[in-house]
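Chemist: Dropping the structure in here first, questions after.
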Amino acid sequence: MMRRIVRALAWGALALVLVGAALFTWWRGLGRAQREGSAVLAGLAAPVSVRFDERAVPHVSASSLLDAAAALGWLHANERFGQMEMQRRYVDGRLAEVLGSRFVALDRGMRELRLARTACAMLPALSERSRAVLEAYARGVNAWIAARGGDLPPELVALRVEPTEWTPADSLAVQMLMALRLCYSESRERLRTRWLVALGPERARQLVGVPDLPIEPELARLAVEWNARRAARDATAERPQNGSNNWAVDASRSATGHALIANDPHLELALPSIWYQVLVRSPEYEASGFSIPGLPLVVIGQGARVAWGFTNAELDVCDVFIERVSDDGASVERDGAWVPLRSERETILVEDGEPVELELYSSDIGPFYARGEREADYAFSVAWTGYSAFDPLEPFLALAGARSVDDVPAIAARSTAPPQNLVCGDASGSILYTVLGRSVQRGFGDGRMPTPAWRSALHWRGLAPHSHTPLALRPDAALLVTANEDTRPDGFPHAYTVDAAAPERAQRIRERLAERRDWTPEALAELQVDATSLYALEIVRATPVPAIDRPTPSDTQRLAKRAFDALRAWDGEMRERGASALYALYERQLSARLFEDELRGVGMLTHPEHKRALREALSGALDGAWFDDVRTPEREDSTTIATEALAAAWRDGAARWGDDVERWSYSEMHAWHPKHRLGDVPVLGTFFNRAARGLPGSDTSPCVFSGPLRDGVIEVGHGASLRIAADCADPDRSLAILPGGQAGQPFDEHYSDQLEPYFRGELRAMRWSEAAIEAATRQRLELLPAAR
């Protein structure tokens with residue numbers, strides 16, 4: 001009897017295992033991309049040919065721009081619909097519908113930003129061409145959704161997501177999200193207000209880095225009355241910055257005799273990538289490069305005669321206006337009168353709870369936040385150029401058709417947000433730098449500090465003319481570089497507030513480019529992974545020699561001297577082993593000792609203030625009082641603080657790796673764990689993430705990898721989101737790579753097949769000519785009009 005029971009249990013267990021294995025096999029096969037055969041796409045005027053190369057990069061040939069846009073919508077959905085759907089929900093503030101109550105706060109924040117509402121309001125500003133392109137793109141996405149039925153990406157099936165139709169407003173919301181990530185900075189102004197409250201005007205000006213920073217007198221008076229919110233936080237834990245590198249050399253510096261451009265935008269690193277590589281060809285539009293799933297065009301890349309790339313201009317186009325609010329909370333003061341706030345009611349649906357009702361308010365300036373919201377101790381409204389009505393597609397459609405760099409400034413003037421440094425080259429060998437986007441004309445100040453809203457004369461006066469942005473055409477140096485530094489030339493006459501990055505990264509690239517006149521795309525790719533930090537070398541040079549008590553130095557002095565000597569002998573390369581680890585430990589120890597005593601509980605230093613303030617403190621440009629630790633009775637100076645920081649860094653490193661600094665492992669404390677955006681969801685992350693990898697580079701070297709320091713480890717989450725090196729006259733010589741792969745389905749062979757070459761600093765060929773495309777083709781797909 002017992003034997004039969006055991007046998008039955010064994011068979012039952014085996015059946016469960018087999019059923020589980022079958023379900024897992026079914027689940028992991030969901031949402032696979034179709035790259036062969038044919039598929040029907042209703043609305044096409046003619047068949048569209050798609051040829052995929054060995055990395056699943058599609059080369060699209062269509063008979064019209066609208067057919068090309070529809071095909072790209074279908075391809076984006078085919079490879080990345082899981083990403084597109086979750087991104088759409090993120091922008092709309094609808095994650096709690098599928099992920100539960102812990103996402104209500106995030107949904108609330110996104111609803112308060114009004115990105116989805118703004119996207120809908122932008123529709124009337126679109127040109128006829130842009131609207132038609134967005135509608136065609138949506139048709140392509142929706143054709144894929146309709147044809148797939150329940151065969152959706154595995155994360156959507158696991159979360160029981162039922163997608164709705166894609167709309168043109170959904171695509172505009174994707175553009176709004178990119179603008180938000182690149183130029184929405186209201187939290188930075190509120191942080192500076194906390195400095196003003198806690199430290200007073202002069203010390204706040206020092207941290208901002210503008211000695212004559214205008215502070216409206218009423219704000220200065222109010223700062224004395226406010227008690228800043230004192231949430232304990234790490235004063236020097238850096239937030240990732242939205243940086244990038246781009247550069248160009250003209251024909252005289254190129255071995256090919258052509259202009260070359262390179263670009264590696266530094267954004268969030270995740271799986272799948274932000275970007276999707278594609279070539280799109282039609283009679284009206286021809287471009288090769290990187291698109292963003294959700295948008296119907298190539299954002300970074302090249303057309304038939306012009307290649308282009310972007311870095312963040314770091315232009316301040318988002319301002320906080322402090323409000324006086326009526327006793328009932330329903331109105332704000334304007335020039336002595338009360339003006340009613342506009343209100344809108346929204347509902348957040350929650351997968352595991354009751355719906356949450358929201359009341360959103362807006363003033364004539366922009367979204368309004370009551371006192372206590374967004375961690376503020378005052379009510380405020382936000383003005384942002386991203387809320388303007390403009391056509392974000394038209395400039396990119398025009399870029400692909402530009403015949404020379406001379407066409408580009410007029411194209412760039414059509415854009416508003418986000419402001420980007422645009423570097424480009426053309427087939428004739430010329431190069432250009434301009435800004436894609438616009439600055440603002442302010443009623444007071446430069447936008448770095450909040451402004452009282454109750455005086456309308458202090459409000460924005462509109463967008464500044466595009467001619468008020470920097471421009472460099474065919475420079476004498478035959479090269480151009482932007483790396484988020486201040487790009488204004490000496491004597492620049494116009495108001496142009498930039499929160500610029502440290503200039504050393506751009507300086508390193510510029511010095512390297514000036515060394516030779518035989519650049520090739522392959523050589524530019526090598527420069528993209530240059531890990532030398534001139535900033536780090538500057539910090540080391542400015543570090544005081546440790547004080548040594550003779551004849552018996554203290555243990556701290558002895559260790560500080562060892563660290564000092566090791567850093568002085570170092571070449572500044574943030575390589576995976578050696579003194580790079582010591583420098584990383586020292587910089588953070590020094591920052592903490594300099595600023596934590598004053599800023600803990602006030603607000604941490606962030607990009608761009610942190611790097612600049614550290615350099616200026618060591619060089620003497622900052623008040624020496626910053627070196628004094630206000631928590632101790634002694635008065636510390638720069639030598640004392642540097643000695644303590646050096647010794648602490650040495651102790652930390654020696655405890656991890658021993659006394660031989662050449663064996664210290666920077667890669668152990670500087671690593672990226674490639675994660676899916678749902679990688680922290682239990683069970684899903686096991687299948688969607690990839691193994692962590694130690695990396696060279698830093699936030700101040702051309703090879704940028706950065707992130708917050710937690711428990712002694714720099715958790716890299718920000719870096720080169722793509723790399724491209726383009727030949728402006730011979731696109732078949734252009735090279736590119738993604739940190740991941742083309743596919744969004746985690747079990748697809750092209751989900752992470754570019755990770756290893758990316759880590760090695762390699763780029764792969766882009767194909768432009770018919771011969772090159774055909775030679776590289778591995779799979780063919782034909783998109784067909786619906787039968788009539």
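Residue numbers start at 1 in each chain; chains themselves are named A, B, ... in the order of the structure tokens; ligands are numbered from 1 in the order shown.
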Which polymer residues have any atom within 9 Å of an atom of range 361-372 of chain A, counting only C-alpha atoms, with same-chain residues fewer than 6 positions away left out, as a VMD selection string?

Modeler: chain A and resid 112 to 114 321 323 325 329 to 332 339 to 345 378 to 384 387 453 459 to 460

Chemist: Let me see the file: selected residues, N, CA, C and O atoms, as a compact mmCIF listing (two decimals), in the first residue's frame.

Modeler:
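Below you can see again-v7.txt, which holds the result:
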# COMPACT_ATOMS: atom_id res chain seq x y z
N GLU A 112 1.51 64.69 -11.53
CA GLU A 112 1.74 66.09 -11.18
C GLU A 112 2.59 66.81 -12.23
O GLU A 112 2.44 68.02 -12.44
N LEU A 113 3.47 66.08 -12.91
CA LEU A 113 4.31 66.69 -13.94
C LEU A 113 3.54 67.01 -15.23
O LEU A 113 4.02 67.79 -16.05
N ARG A 114 2.38 66.40 -15.42
CA ARG A 114 1.50 66.68 -16.57
C ARG A 114 2.14 66.34 -17.91
O ARG A 114 1.86 66.97 -18.93
N PHE A 321 9.01 79.23 -9.13
CA PHE A 321 8.45 80.51 -8.70
C PHE A 321 7.69 80.29 -7.39
O PHE A 321 6.73 79.52 -7.36
N GLU A 323 5.20 80.90 -4.41
CA GLU A 323 3.85 81.47 -4.44
C GLU A 323 3.39 81.95 -3.06
O GLU A 323 3.73 81.35 -2.02
N VAL A 325 -0.17 82.12 -1.24
CA VAL A 325 -1.42 81.42 -1.45
C VAL A 325 -2.49 81.97 -0.51
O VAL A 325 -2.21 82.30 0.66
N GLY A 329 -6.44 78.29 0.06
CA GLY A 329 -5.59 77.47 -0.80
C GLY A 329 -6.03 77.42 -2.24
O GLY A 329 -5.45 76.66 -3.03
N ALA A 330 -7.00 78.24 -2.63
CA ALA A 330 -7.56 78.14 -3.98
C ALA A 330 -7.03 79.20 -4.94
O ALA A 330 -7.32 79.14 -6.13
N SER A 331 -6.26 80.17 -4.44
CA SER A 331 -5.81 81.27 -5.28
C SER A 331 -4.36 81.63 -4.95
O SER A 331 -3.85 81.32 -3.87
N VAL A 332 -3.71 82.29 -5.92
CA VAL A 332 -2.35 82.80 -5.71
C VAL A 332 -2.34 84.29 -6.00
O VAL A 332 -3.17 84.80 -6.76
N VAL A 339 -5.65 85.43 -7.80
CA VAL A 339 -6.01 84.79 -9.07
C VAL A 339 -6.28 83.31 -8.80
O VAL A 339 -5.44 82.63 -8.21
N PRO A 340 -7.46 82.80 -9.19
CA PRO A 340 -7.79 81.39 -8.88
C PRO A 340 -6.84 80.42 -9.59
O PRO A 340 -6.42 80.63 -10.73
N LEU A 341 -6.52 79.35 -8.88
CA LEU A 341 -5.78 78.24 -9.48
C LEU A 341 -6.74 77.38 -10.30
O LEU A 341 -7.92 77.28 -9.98
N ARG A 342 -6.23 76.79 -11.36
CA ARG A 342 -7.02 75.82 -12.13
C ARG A 342 -6.83 74.45 -11.49
O ARG A 342 -5.73 74.09 -11.06
N SER A 343 -7.92 73.68 -11.44
CA SER A 343 -7.83 72.35 -10.82
C SER A 343 -8.33 71.28 -11.78
O SER A 343 -9.19 71.54 -12.64
N GLU A 344 -7.74 70.10 -11.64
CA GLU A 344 -8.11 68.94 -12.45
C GLU A 344 -8.11 67.72 -11.54
O GLU A 344 -7.21 67.56 -10.70
N ARG A 345 -9.10 66.87 -11.69
CA ARG A 345 -9.21 65.68 -10.86
C ARG A 345 -8.79 64.46 -11.66
O ARG A 345 -9.19 64.30 -12.82
N TYR A 378 7.38 75.53 1.07
CA TYR A 378 6.67 76.67 0.53
C TYR A 378 5.88 76.20 -0.68
O TYR A 378 6.17 75.14 -1.26
N ALA A 379 4.87 76.94 -1.05
CA ALA A 379 4.13 76.64 -2.28
C ALA A 379 4.90 77.23 -3.47
O ALA A 379 5.55 78.26 -3.35
N PHE A 380 4.83 76.55 -4.60
CA PHE A 380 5.55 77.05 -5.77
C PHE A 380 4.90 76.56 -7.05
O PHE A 380 4.18 75.56 -7.08
N SER A 381 5.19 77.28 -8.13
CA SER A 381 4.82 76.88 -9.49
C SER A 381 6.09 76.68 -10.30
O SER A 381 7.15 77.23 -9.97
N VAL A 382 5.98 75.88 -11.36
CA VAL A 382 7.14 75.55 -12.17
C VAL A 382 6.92 75.99 -13.61
O VAL A 382 5.91 75.65 -14.23
N ALA A 383 7.88 76.76 -14.14
CA ALA A 383 7.90 77.11 -15.56
C ALA A 383 8.97 76.26 -16.22
O ALA A 383 10.08 76.11 -15.70
N TRP A 384 8.65 75.72 -17.38
CA TRP A 384 9.58 74.83 -18.09
C TRP A 384 9.30 74.94 -19.58
O TRP A 384 8.14 74.92 -20.00
N TYR A 387 6.93 72.57 -21.46
CA TYR A 387 5.48 72.75 -21.48
C TYR A 387 5.03 73.61 -22.65
O TYR A 387 3.83 73.87 -22.80
N ALA A 453 6.67 84.69 -7.28
CA ALA A 453 5.70 84.64 -8.38
C ALA A 453 4.69 85.77 -8.31
O ALA A 453 4.02 86.03 -9.31
N HIS A 459 8.22 87.33 -14.03
CA HIS A 459 7.93 86.10 -14.77
C HIS A 459 8.76 86.05 -16.06
O HIS A 459 9.34 87.04 -16.50
N TRP A 460 8.76 84.87 -16.68
CA TRP A 460 9.40 84.73 -17.98
C TRP A 460 8.73 85.65 -18.99
O TRP A 460 7.51 85.88 -18.96

Chemist: If we count only C-alpha atoms and set the cut-off at 12 Å, which residues sit around Pro214 in chain A, ignoring sequence neighbours fewer than 5 positions away in its own chain? Please answer as a VMD selection string.

Modeler: chain A and resid 201 to 202 204 to 205 208 219 to 220 443 to 451

Chemist: Here is a test: counting only C-alpha atoms, which residue of A:Pro58, A:Ala262, A:Leu41, A:Leu267 is nearest to Glu774 in chain A?

Modeler: A:Pro58

Chemist: So, with only C-alpha atoms as the atoms that count, which of A:Val104, A:Ala412, A:Leu473, A:Ala251 lies closest to Leu358 in chain A?

Modeler: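 Of A:Val104, A:Ala412, A:Leu473, A:Ala251, the one nearest Leu358 in chain A, counting only C-alpha atoms, is A:Val104.
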
Chemist: What's around Gly243 in chain A at 12 Å? Count only C-alpha atoms, leave out sequence neighbours fewer than 6 positions away in its own chain, and write the answer as a ChimeraX atom specification.

Modeler: /A:181-183,263-268,310-314,420-421,482-485,499-503,505-506,607-608,698-706,718-721

Chemist: Restrict the selected residues to C-alpha atoms and save them as a short mmCIF file (atom, residue, chain, number, x, y, z; two decimals), in the first residue's frame.

Modeler:
data_model
loop_
_atom_site.label_atom_id
_atom_site.label_comp_id
_atom_site.auth_asym_id
_atom_site.auth_seq_id
_atom_site.Cartn_x
_atom_site.Cartn_y
_atom_site.Cartn_z
CA ARG A 181 15.35 63.52 -18.07
CA LEU A 182 17.55 66.07 -19.81
CA CYS A 183 16.38 69.55 -18.79
CA ASN A 263 28.89 60.61 -30.15
CA ASP A 264 28.25 58.69 -26.95
CA PRO A 265 25.29 60.09 -24.99
CA HIS A 266 25.57 59.24 -21.31
CA LEU A 267 22.16 58.20 -20.06
CA GLU A 268 20.57 55.50 -17.93
CA PHE A 310 24.09 65.36 -29.38
CA THR A 311 25.20 66.15 -25.86
CA ASN A 312 23.12 67.80 -23.18
CA ALA A 313 23.58 71.58 -23.31
CA GLU A 314 22.96 71.79 -19.53
CA GLN A 420 21.10 69.91 -26.95
CA ASN A 421 24.60 70.60 -28.19
CA THR A 482 31.27 69.29 -26.51
CA ALA A 483 31.13 67.34 -23.26
CA ASN A 484 28.51 69.26 -21.25
CA GLU A 485 30.97 72.03 -20.43
CA ASP A 499 24.88 74.26 -15.15
CA ALA A 500 28.02 73.11 -16.89
CA ALA A 501 30.01 69.98 -16.15
CA ALA A 502 33.68 70.13 -15.23
CA PRO A 503 35.64 71.13 -18.36
CA ARG A 505 36.55 65.80 -19.97
CA ALA A 506 36.19 68.08 -22.99
CA HIS A 607 25.94 67.68 -10.53
CA PRO A 608 27.32 70.14 -11.40
CA SER A 698 34.66 57.56 -14.26
CA ASP A 699 32.34 60.54 -14.41
CA THR A 700 35.21 62.83 -15.47
CA SER A 701 37.01 60.71 -18.09
CA PRO A 702 35.95 60.47 -21.76
CA CYS A 703 34.93 56.88 -20.93
CA VAL A 704 32.05 57.75 -18.63
CA PHE A 705 30.59 55.26 -16.20
CA SER A 706 29.15 56.63 -12.97
CA HIS A 718 24.87 55.85 -16.08
CA GLY A 719 27.22 55.78 -19.05
CA ALA A 720 27.51 55.56 -22.81
CA SER A 721 23.99 54.54 -23.88
#

Chemist: Find the spatial neighbours of Val408 in chain A, counting only C-alpha atoms, within a cut-off of 12 Å - ignore same-chain residues fewer than 5 positions away - and output them as a ChimeraX atom specification.

Modeler: /A:305-308,395-403,413-415,422-426,430-436,471-473

Chemist: Write a file of the selected residues as a PDB file, in the first residue's frame, keeping C-alpha atoms.

Modeler:
ATOM      1  CA  ARG A 305      25.081  64.046 -46.687  1.00  0.00           C
ATOM      2  CA  VAL A 306      25.100  65.081 -43.003  1.00  0.00           C
ATOM      3  CA  ALA A 307      25.879  63.140 -39.798  1.00  0.00           C
ATOM      4  CA  TRP A 308      25.002  64.452 -36.335  1.00  0.00           C
ATOM      5  CA  PRO A 395      13.774  69.321 -36.854  1.00  0.00           C
ATOM      6  CA  PHE A 396      14.767  65.647 -36.920  1.00  0.00           C
ATOM      7  CA  LEU A 397      12.952  64.989 -40.180  1.00  0.00           C
ATOM      8  CA  ALA A 398      14.759  67.983 -41.662  1.00  0.00           C
ATOM      9  CA  LEU A 399      18.177  66.975 -40.310  1.00  0.00           C
ATOM     10  CA  ALA A 400      18.090  63.743 -42.284  1.00  0.00           C
ATOM     11  CA  GLY A 401      17.542  65.736 -45.463  1.00  0.00           C
ATOM     12  CA  ALA A 402      20.153  68.449 -44.847  1.00  0.00           C
ATOM     13  CA  ARG A 403      22.551  68.900 -47.771  1.00  0.00           C
ATOM     14  CA  ALA A 413      16.090  76.956 -34.475  1.00  0.00           C
ATOM     15  CA  ARG A 414      12.788  75.092 -34.952  1.00  0.00           C
ATOM     16  CA  SER A 415      13.250  73.073 -31.763  1.00  0.00           C
ATOM     17  CA  LEU A 422      24.454  69.565 -31.843  1.00  0.00           C
ATOM     18  CA  VAL A 423      27.725  68.693 -33.592  1.00  0.00           C
ATOM     19  CA  CYS A 424      27.592  67.652 -37.239  1.00  0.00           C
ATOM     20  CA  GLY A 425      29.679  67.176 -40.333  1.00  0.00           C
ATOM     21  CA  ASP A 426      28.840  66.983 -44.019  1.00  0.00           C
ATOM     22  CA  SER A 430      32.867  70.774 -43.137  1.00  0.00           C
ATOM     23  CA  ILE A 431      31.819  70.678 -39.470  1.00  0.00           C
ATOM     24  CA  LEU A 432      29.466  72.737 -37.293  1.00  0.00           C
ATOM     25  CA  TYR A 433      28.400  73.233 -33.684  1.00  0.00           C
ATOM     26  CA  THR A 434      25.079  74.789 -32.727  1.00  0.00           C
ATOM     27  CA  VAL A 435      22.339  74.306 -30.131  1.00  0.00           C
ATOM     28  CA  LEU A 436      19.148  72.433 -30.889  1.00  0.00           C
ATOM     29  CA  LEU A 471      27.555  78.710 -32.862  1.00  0.00           C
ATOM     30  CA  ALA A 472      30.818  77.508 -34.432  1.00  0.00           C
ATOM     31  CA  LEU A 473      31.018  76.902 -38.196  1.00  0.00           C
TER      32      LEU A 473
END

Chemist: Can you tell me which residues surround Ala495 in chain A at a distance of at most 10 Å, considering only C-alpha atoms, apart from same-chain residues fewer than 6 positions away, and format the answer as a PyMOL selection string?

Modeler: chain A and resi 439-442+445-446+464+468-469

Chemist: I need the residues in range 406-495 of chain A that are strand (DSSP E) according to DSSP; give them as a VMD selection string.

Modeler: chain A and resid 420 to 426 431 to 436 440 to 441 451 to 452 462 to 463 472 to 473 479 to 482
